[in-house]
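Presented below is the structure to which this report refers.
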Amino acid sequence: MARTVAVVDYGMGNLRSVSQAVMHVAAGTDAQVIVTSHPEEVRGAERIVLPGQGAMRDCMHELRASGLQEAVLEAAASKPLMGVCVGMQMLLEHSEEQDTPGLGLFAGNCLRFRLEGQKQPDGSRFKVPQMGWNEVFQKPHALWAGVPDGTYFYFVHSFFARPADPAHSVGETEYGARFTSAIARDNIFATQFHPEKSAAHGLALYRNFLSWKP
């Protein structure tokens, strides 16, 4: 019997690239990947991917309006769940972006980069949003298997997570200052960067997620 992986479609995620990446790594396995806007399919899946793109307030509104919020919260209580980009930020309690409450699965907040006047080593000014490739420095977690420490991943974001418990930070990146770029606890793992846009090592994260047994 196929194991179902549900990519949650609440109208805001980078669904095409995320689902194609997950389908690519699932090929040849017993995992069946579905893109779904139905709460019952999220509840019935073995594991969940929560993408997100755009403003967090809009993402939270659409997640509630779609009827998927409760199904995601139920899944997060016991099933492997992977958040991506704003899908990571939504897992925290609050974001400075339009003063938006999150799902509260992690204590902590999302803050805006404040880099005005700061310059990069090459003399150029830091830009917000951060857009492009940057290194991720790991803390131990099963999903980093086969991914070298300091690997470059692709980012597009103006806000970053600050979990209240430093133990929940499993990846960090430098952009003006060091910030958390991956969070995890128990059965949940999430990244600020886009694994689906990060070539082979991004695919390795999705592959590891499919076989992860937290």
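Every chain in the structure tokens takes a letter, A first, then B, and so on in the order presented; its residues are numbered from 1, and the ligands are numbered from 1 following the presented order.
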Using DSSP assignments from the backbone, pull out every residue in chain A that falls under helix (DSSP H, G or I) and give it to me as a ChimeraX atom specification.
/A:15-26,39-44,56-65,69-76,86-89,142-144,166-168,195-197,199-211
Region 58-136 of chain A residues near region 25-45 of chain A within 7 Å, closest pair each, using only C-alpha atoms, as a tab-separated table:
residue	atom	partner	partner_atom	distance
A:Gly67	CA	A:Pro39	CA	6.8
A:Leu68	CA	A:Pro39	CA	5.2
A:Ala71	CA	A:Pro39	CA	5.5
A:Ala75	CA	A:Arg43	CA	6.3
Return the single residue from A:Ser158, A:Ser211, A:Thr173, A:Asn109 that is closest to Pro129 (chain A), with distances computed using only C-alpha atoms.
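Among A:Ser158, A:Ser211, A:Thr173, A:Asn109, it is A:Ser158 that comes nearest to Pro129 (chain A).
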Please provide the set of residues having any atom within 8 Å of region 183-192 of chain A, restricted to only C-alpha atoms, with same-chain residues fewer than 4 positions apart removed, written as a PyMOL selection string.
chain A and resi 76-89+155+157+160+163+168-171+214
Could you tell me which of A:Gly132, A:Pro140, A:Gly54, A:Pro195 comes closest to Val156 (chain A) if we count only C-alpha atoms?
A:Gly132
Return as a short mmCIF file (atom, residue, chain, number, x, y, z; two decimals) with N, CA, C and O atoms, in the first residue's frame the full set of residues in chain A whose backbone-based DSSP assignment is strand (DSSP E).
data_model
loop_
_atom_site.label_atom_id
_atom_site.label_comp_id
_atom_site.auth_asym_id
_atom_site.auth_seq_id
_atom_site.Cartn_x
_atom_site.Cartn_y
_atom_site.Cartn_z
N ARG A 3 2.39 4.89 0.58
CA ARG A 3 2.41 5.88 1.65
C ARG A 3 2.13 7.23 1.01
O ARG A 3 2.79 7.63 0.05
N THR A 4 1.16 7.96 1.52
CA THR A 4 0.76 9.22 0.91
C THR A 4 1.49 10.39 1.55
O THR A 4 1.54 10.51 2.78
N VAL A 5 2.03 11.24 0.70
CA VAL A 5 2.65 12.50 1.12
C VAL A 5 1.78 13.62 0.58
O VAL A 5 1.61 13.75 -0.64
N ALA A 6 1.21 14.42 1.46
CA ALA A 6 0.30 15.49 1.06
C ALA A 6 1.03 16.82 1.03
O ALA A 6 1.57 17.26 2.05
N VAL A 7 1.06 17.47 -0.14
CA VAL A 7 1.53 18.85 -0.26
C VAL A 7 0.29 19.73 -0.12
O VAL A 7 -0.63 19.63 -0.93
N VAL A 8 0.27 20.57 0.90
CA VAL A 8 -0.95 21.29 1.26
C VAL A 8 -1.17 22.47 0.31
O VAL A 8 -0.33 23.36 0.21
N ALA A 31 6.10 5.79 -2.02
CA ALA A 31 5.43 7.02 -1.61
C ALA A 31 4.63 7.61 -2.77
O ALA A 31 5.13 7.72 -3.90
N GLN A 32 3.40 7.96 -2.50
CA GLN A 32 2.54 8.62 -3.47
C GLN A 32 2.34 10.07 -3.04
O GLN A 32 1.90 10.34 -1.93
N VAL A 33 2.70 11.00 -3.92
CA VAL A 33 2.63 12.43 -3.59
C VAL A 33 1.35 13.01 -4.18
O VAL A 33 1.06 12.85 -5.37
N ILE A 34 0.57 13.69 -3.33
CA ILE A 34 -0.64 14.36 -3.80
C ILE A 34 -0.57 15.83 -3.41
O ILE A 34 -0.02 16.19 -2.38
N VAL A 35 -1.09 16.68 -4.28
CA VAL A 35 -1.29 18.09 -3.96
C VAL A 35 -2.77 18.23 -3.63
O VAL A 35 -3.63 17.92 -4.46
N THR A 36 -3.08 18.68 -2.42
CA THR A 36 -4.48 18.60 -1.99
C THR A 36 -4.95 19.85 -1.26
O THR A 36 -4.19 20.46 -0.50
N ARG A 47 2.54 11.74 5.76
CA ARG A 47 3.40 12.88 6.07
C ARG A 47 2.96 14.09 5.25
O ARG A 47 2.30 13.94 4.21
N ILE A 48 3.35 15.29 5.70
CA ILE A 48 2.78 16.53 5.19
C ILE A 48 3.90 17.49 4.80
O ILE A 48 4.88 17.64 5.54
N VAL A 49 3.73 18.18 3.67
CA VAL A 49 4.60 19.28 3.28
C VAL A 49 3.76 20.55 3.24
O VAL A 49 2.73 20.60 2.56
N LEU A 50 4.20 21.58 3.98
CA LEU A 50 3.48 22.85 4.06
C LEU A 50 4.32 23.94 3.40
O LEU A 50 5.23 24.49 4.03
N LEU A 81 6.17 16.42 9.38
CA LEU A 81 5.70 17.62 8.68
C LEU A 81 6.91 18.46 8.32
O LEU A 81 7.79 18.69 9.16
N MET A 82 6.95 18.93 7.07
CA MET A 82 8.04 19.79 6.61
C MET A 82 7.47 21.09 6.10
O MET A 82 6.62 21.11 5.21
N GLY A 83 7.92 22.20 6.70
CA GLY A 83 7.51 23.53 6.26
C GLY A 83 8.59 24.15 5.39
O GLY A 83 9.78 23.92 5.58
N VAL A 84 8.16 24.96 4.40
CA VAL A 84 9.09 25.57 3.46
C VAL A 84 8.79 27.06 3.32
O VAL A 84 7.65 27.45 3.07
N LEU A 92 5.62 29.47 13.74
CA LEU A 92 5.94 30.19 14.96
C LEU A 92 4.71 30.93 15.50
O LEU A 92 3.64 30.90 14.89
N GLU A 93 4.90 31.62 16.61
CA GLU A 93 3.76 32.27 17.27
C GLU A 93 3.32 33.56 16.59
O GLU A 93 2.12 33.88 16.57
N HIS A 94 4.27 34.30 16.01
CA HIS A 94 3.92 35.64 15.56
C HIS A 94 4.94 36.12 14.55
O HIS A 94 6.11 35.74 14.59
N SER A 95 4.51 36.98 13.63
CA SER A 95 5.42 37.64 12.70
C SER A 95 5.22 39.14 12.76
O SER A 95 4.09 39.64 12.88
N THR A 100 1.15 39.63 12.46
CA THR A 100 0.36 38.45 12.13
C THR A 100 0.60 37.30 13.10
O THR A 100 1.74 36.86 13.26
N PRO A 101 -0.44 36.77 13.74
CA PRO A 101 -0.28 35.56 14.56
C PRO A 101 -0.02 34.34 13.67
O PRO A 101 -0.57 34.23 12.57
N PHE A 106 5.85 26.44 17.36
CA PHE A 106 7.14 26.76 17.96
C PHE A 106 6.99 28.09 18.69
O PHE A 106 6.41 29.04 18.13
N ALA A 107 7.48 28.18 19.91
CA ALA A 107 7.56 29.47 20.57
C ALA A 107 8.59 30.34 19.85
O ALA A 107 9.66 29.86 19.48
N GLY A 108 8.23 31.60 19.63
CA GLY A 108 9.16 32.50 18.96
C GLY A 108 8.45 33.35 17.93
O GLY A 108 7.24 33.25 17.72
N ASN A 109 9.23 34.20 17.26
CA ASN A 109 8.68 35.20 16.35
C ASN A 109 9.46 35.25 15.06
O ASN A 109 10.58 34.74 14.96
N CYS A 110 8.86 35.91 14.06
CA CYS A 110 9.54 36.23 12.82
C CYS A 110 9.79 37.73 12.78
O CYS A 110 8.87 38.52 13.02
N LEU A 111 11.02 38.11 12.50
CA LEU A 111 11.45 39.50 12.52
C LEU A 111 11.91 39.94 11.14
O LEU A 111 12.38 39.13 10.34
N ARG A 112 11.79 41.24 10.88
CA ARG A 112 12.26 41.78 9.61
C ARG A 112 13.75 42.06 9.67
O ARG A 112 14.27 42.50 10.70
N GLN A 130 16.57 39.35 1.13
CA GLN A 130 17.72 38.54 0.74
C GLN A 130 17.25 37.64 -0.41
O GLN A 130 16.26 36.92 -0.27
N MET A 131 17.94 37.70 -1.51
CA MET A 131 17.53 36.90 -2.68
C MET A 131 18.76 36.28 -3.30
O MET A 131 19.64 37.00 -3.78
N GLY A 132 18.85 34.97 -3.25
CA GLY A 132 19.97 34.28 -3.85
C GLY A 132 20.49 33.17 -2.96
O GLY A 132 19.85 32.74 -2.00
N TRP A 133 21.71 32.71 -3.26
CA TRP A 133 22.30 31.55 -2.59
C TRP A 133 23.08 31.99 -1.36
O TRP A 133 23.77 33.00 -1.38
N ASN A 134 22.95 31.21 -0.30
CA ASN A 134 23.69 31.50 0.93
C ASN A 134 23.94 30.19 1.66
O ASN A 134 23.22 29.21 1.49
N GLU A 135 24.97 30.21 2.51
CA GLU A 135 25.37 29.00 3.22
C GLU A 135 24.44 28.72 4.40
O GLU A 135 23.94 29.64 5.04
N VAL A 136 24.24 27.45 4.69
CA VAL A 136 23.51 27.01 5.87
C VAL A 136 24.45 26.17 6.72
O VAL A 136 25.00 25.16 6.26
N PHE A 137 24.63 26.60 7.97
CA PHE A 137 25.49 25.90 8.92
C PHE A 137 24.61 25.07 9.85
O PHE A 137 23.71 25.58 10.50
N GLN A 138 24.87 23.78 9.86
CA GLN A 138 23.95 22.82 10.46
C GLN A 138 24.20 22.61 11.94
O GLN A 138 25.32 22.73 12.43
N THR A 151 26.58 23.99 3.08
CA THR A 151 26.00 23.93 1.73
C THR A 151 25.22 25.21 1.44
O THR A 151 24.56 25.77 2.30
N TYR A 152 25.29 25.64 0.18
CA TYR A 152 24.52 26.80 -0.26
C TYR A 152 23.12 26.38 -0.66
O TYR A 152 22.93 25.40 -1.40
N PHE A 153 22.13 27.12 -0.17
CA PHE A 153 20.73 26.93 -0.54
C PHE A 153 20.16 28.26 -1.03
O PHE A 153 20.73 29.33 -0.77
N TYR A 154 19.01 28.20 -1.70
CA TYR A 154 18.43 29.39 -2.32
C TYR A 154 17.39 30.04 -1.42
O TYR A 154 16.44 29.38 -0.98
N PHE A 155 17.56 31.34 -1.18
CA PHE A 155 16.68 32.11 -0.30
C PHE A 155 15.97 33.23 -1.07
O PHE A 155 16.56 33.84 -1.97
N VAL A 156 14.74 33.53 -0.66
CA VAL A 156 14.04 34.76 -1.04
C VAL A 156 13.17 35.15 0.16
O VAL A 156 12.12 34.56 0.38
N HIS A 157 13.62 36.15 0.95
CA HIS A 157 12.82 36.50 2.14
C HIS A 157 13.29 37.81 2.74
O HIS A 157 14.45 38.20 2.63
N PHE A 159 11.89 38.43 6.06
CA PHE A 159 11.68 38.13 7.48
C PHE A 159 12.37 36.82 7.82
O PHE A 159 12.51 35.95 6.95
N PHE A 160 12.77 36.67 9.07
CA PHE A 160 13.45 35.46 9.50
C PHE A 160 12.93 35.03 10.86
O PHE A 160 12.41 35.84 11.64
N ALA A 161 13.06 33.75 11.13
CA ALA A 161 12.55 33.17 12.38
C ALA A 161 13.54 33.37 13.52
O ALA A 161 14.76 33.25 13.33
N ARG A 162 13.00 33.65 14.70
CA ARG A 162 13.80 33.64 15.91
C ARG A 162 13.08 32.76 16.93
O ARG A 162 12.25 33.24 17.70
N PRO A 163 13.37 31.46 16.94
CA PRO A 163 12.71 30.58 17.91
C PRO A 163 13.14 30.92 19.32
O PRO A 163 14.30 31.30 19.56
N SER A 169 16.66 25.57 16.74
CA SER A 169 17.38 26.07 15.56
C SER A 169 18.37 25.01 15.11
O SER A 169 19.33 24.70 15.82
N VAL A 170 18.13 24.44 13.92
CA VAL A 170 19.02 23.37 13.42
C VAL A 170 19.77 23.79 12.16
O VAL A 170 20.48 22.97 11.57
N GLY A 171 19.59 25.03 11.74
CA GLY A 171 20.35 25.57 10.63
C GLY A 171 20.48 27.07 10.81
O GLY A 171 19.51 27.73 11.21
N GLU A 172 21.66 27.61 10.54
CA GLU A 172 21.88 29.05 10.68
C GLU A 172 22.61 29.59 9.46
O GLU A 172 23.38 28.87 8.81
N THR A 173 22.35 30.87 9.16
CA THR A 173 22.88 31.52 7.97
C THR A 173 23.30 32.94 8.33
O THR A 173 22.69 33.56 9.20
N GLU A 174 24.32 33.45 7.65
CA GLU A 174 24.79 34.81 7.87
C GLU A 174 24.23 35.73 6.79
O GLU A 174 24.40 35.49 5.60
N ARG A 178 23.91 36.55 12.07
CA ARG A 178 23.50 35.15 11.96
C ARG A 178 22.03 35.01 12.34
O ARG A 178 21.59 35.59 13.33
N PHE A 179 21.27 34.28 11.52
CA PHE A 179 19.86 34.06 11.80
C PHE A 179 19.53 32.59 11.60
O PHE A 179 20.27 31.84 10.95
N THR A 180 18.40 32.16 12.15
CA THR A 180 17.94 30.77 12.03
C THR A 180 17.33 30.55 10.65
O THR A 180 16.38 31.25 10.26
N SER A 181 17.85 29.58 9.93
CA SER A 181 17.33 29.28 8.59
C SER A 181 16.70 27.88 8.51
O SER A 181 16.18 27.50 7.45
N ALA A 182 16.73 27.11 9.60
CA ALA A 182 16.02 25.83 9.67
C ALA A 182 15.65 25.58 11.13
O ALA A 182 16.46 25.84 12.03
N ILE A 183 14.44 25.11 11.36
CA ILE A 183 13.97 24.79 12.70
C ILE A 183 13.46 23.37 12.74
O ILE A 183 13.04 22.81 11.72
N ALA A 184 13.49 22.78 13.92
CA ALA A 184 13.00 21.41 14.06
C ALA A 184 12.71 21.11 15.52
O ALA A 184 13.36 21.64 16.42
N ARG A 185 11.73 20.27 15.71
CA ARG A 185 11.48 19.62 17.00
C ARG A 185 10.61 18.41 16.74
O ARG A 185 9.74 18.42 15.87
N ILE A 188 8.66 17.62 13.38
CA ILE A 188 8.55 18.78 12.49
C ILE A 188 9.93 19.27 12.10
O ILE A 188 10.82 19.40 12.94
N PHE A 189 10.10 19.57 10.81
CA PHE A 189 11.33 20.16 10.28
C PHE A 189 10.91 21.21 9.27
O PHE A 189 9.96 21.01 8.49
N ALA A 190 11.58 22.36 9.27
CA ALA A 190 11.19 23.43 8.35
C ALA A 190 12.39 24.27 7.98
O ALA A 190 13.32 24.45 8.77
N THR A 191 12.35 24.81 6.76
CA THR A 191 13.46 25.62 6.26
C THR A 191 12.96 26.96 5.74
O THR A 191 11.88 27.04 5.13
#
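Non-sequential neighbours of region 12-19 of chain A (distance at most 6 Å, separation of 4 or more positions within a chain, only C-alpha atoms) are Met23, Pro51, Gly52, Gln53, Cys59 and Glu196 of chain A.
Using only C-alpha atoms, the shortest contact distance between Val128 (chain A) and any of A:Leu115, A:Leu105, A:Leu143, A:Val72 is found at A:Leu115.
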Pairwise distance for CA of Ala21 (chain A) and CA of Ala65 (chain A), rounded to one decimal in Å:
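Answer for the CA of Ala21 (chain A) to CA of Ala65 (chain A) separation: 26.7 Å.
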Which value, in Å to one decimal, gives the distance between CA of Gly150 (chain A) and CA of Ser198 (chain A)?
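One can read the CA of Gly150 (chain A) to CA of Ser198 (chain A) distance as 13.2 Å.
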Would you please work out which residue, of A:Ala199, A:Ala142, A:Ala55, A:Val22, is nearest to Lys213 (chain A) when using only C-alpha atoms?
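Selected residue with least distance to Lys213 (chain A): A:Ala142.
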My list of candidates is A:Arg57, A:Glu46, A:His201, A:Leu103. Which is closest to Glu70 (chain A) when distances are computed with only C-alpha atoms?
A:Leu103
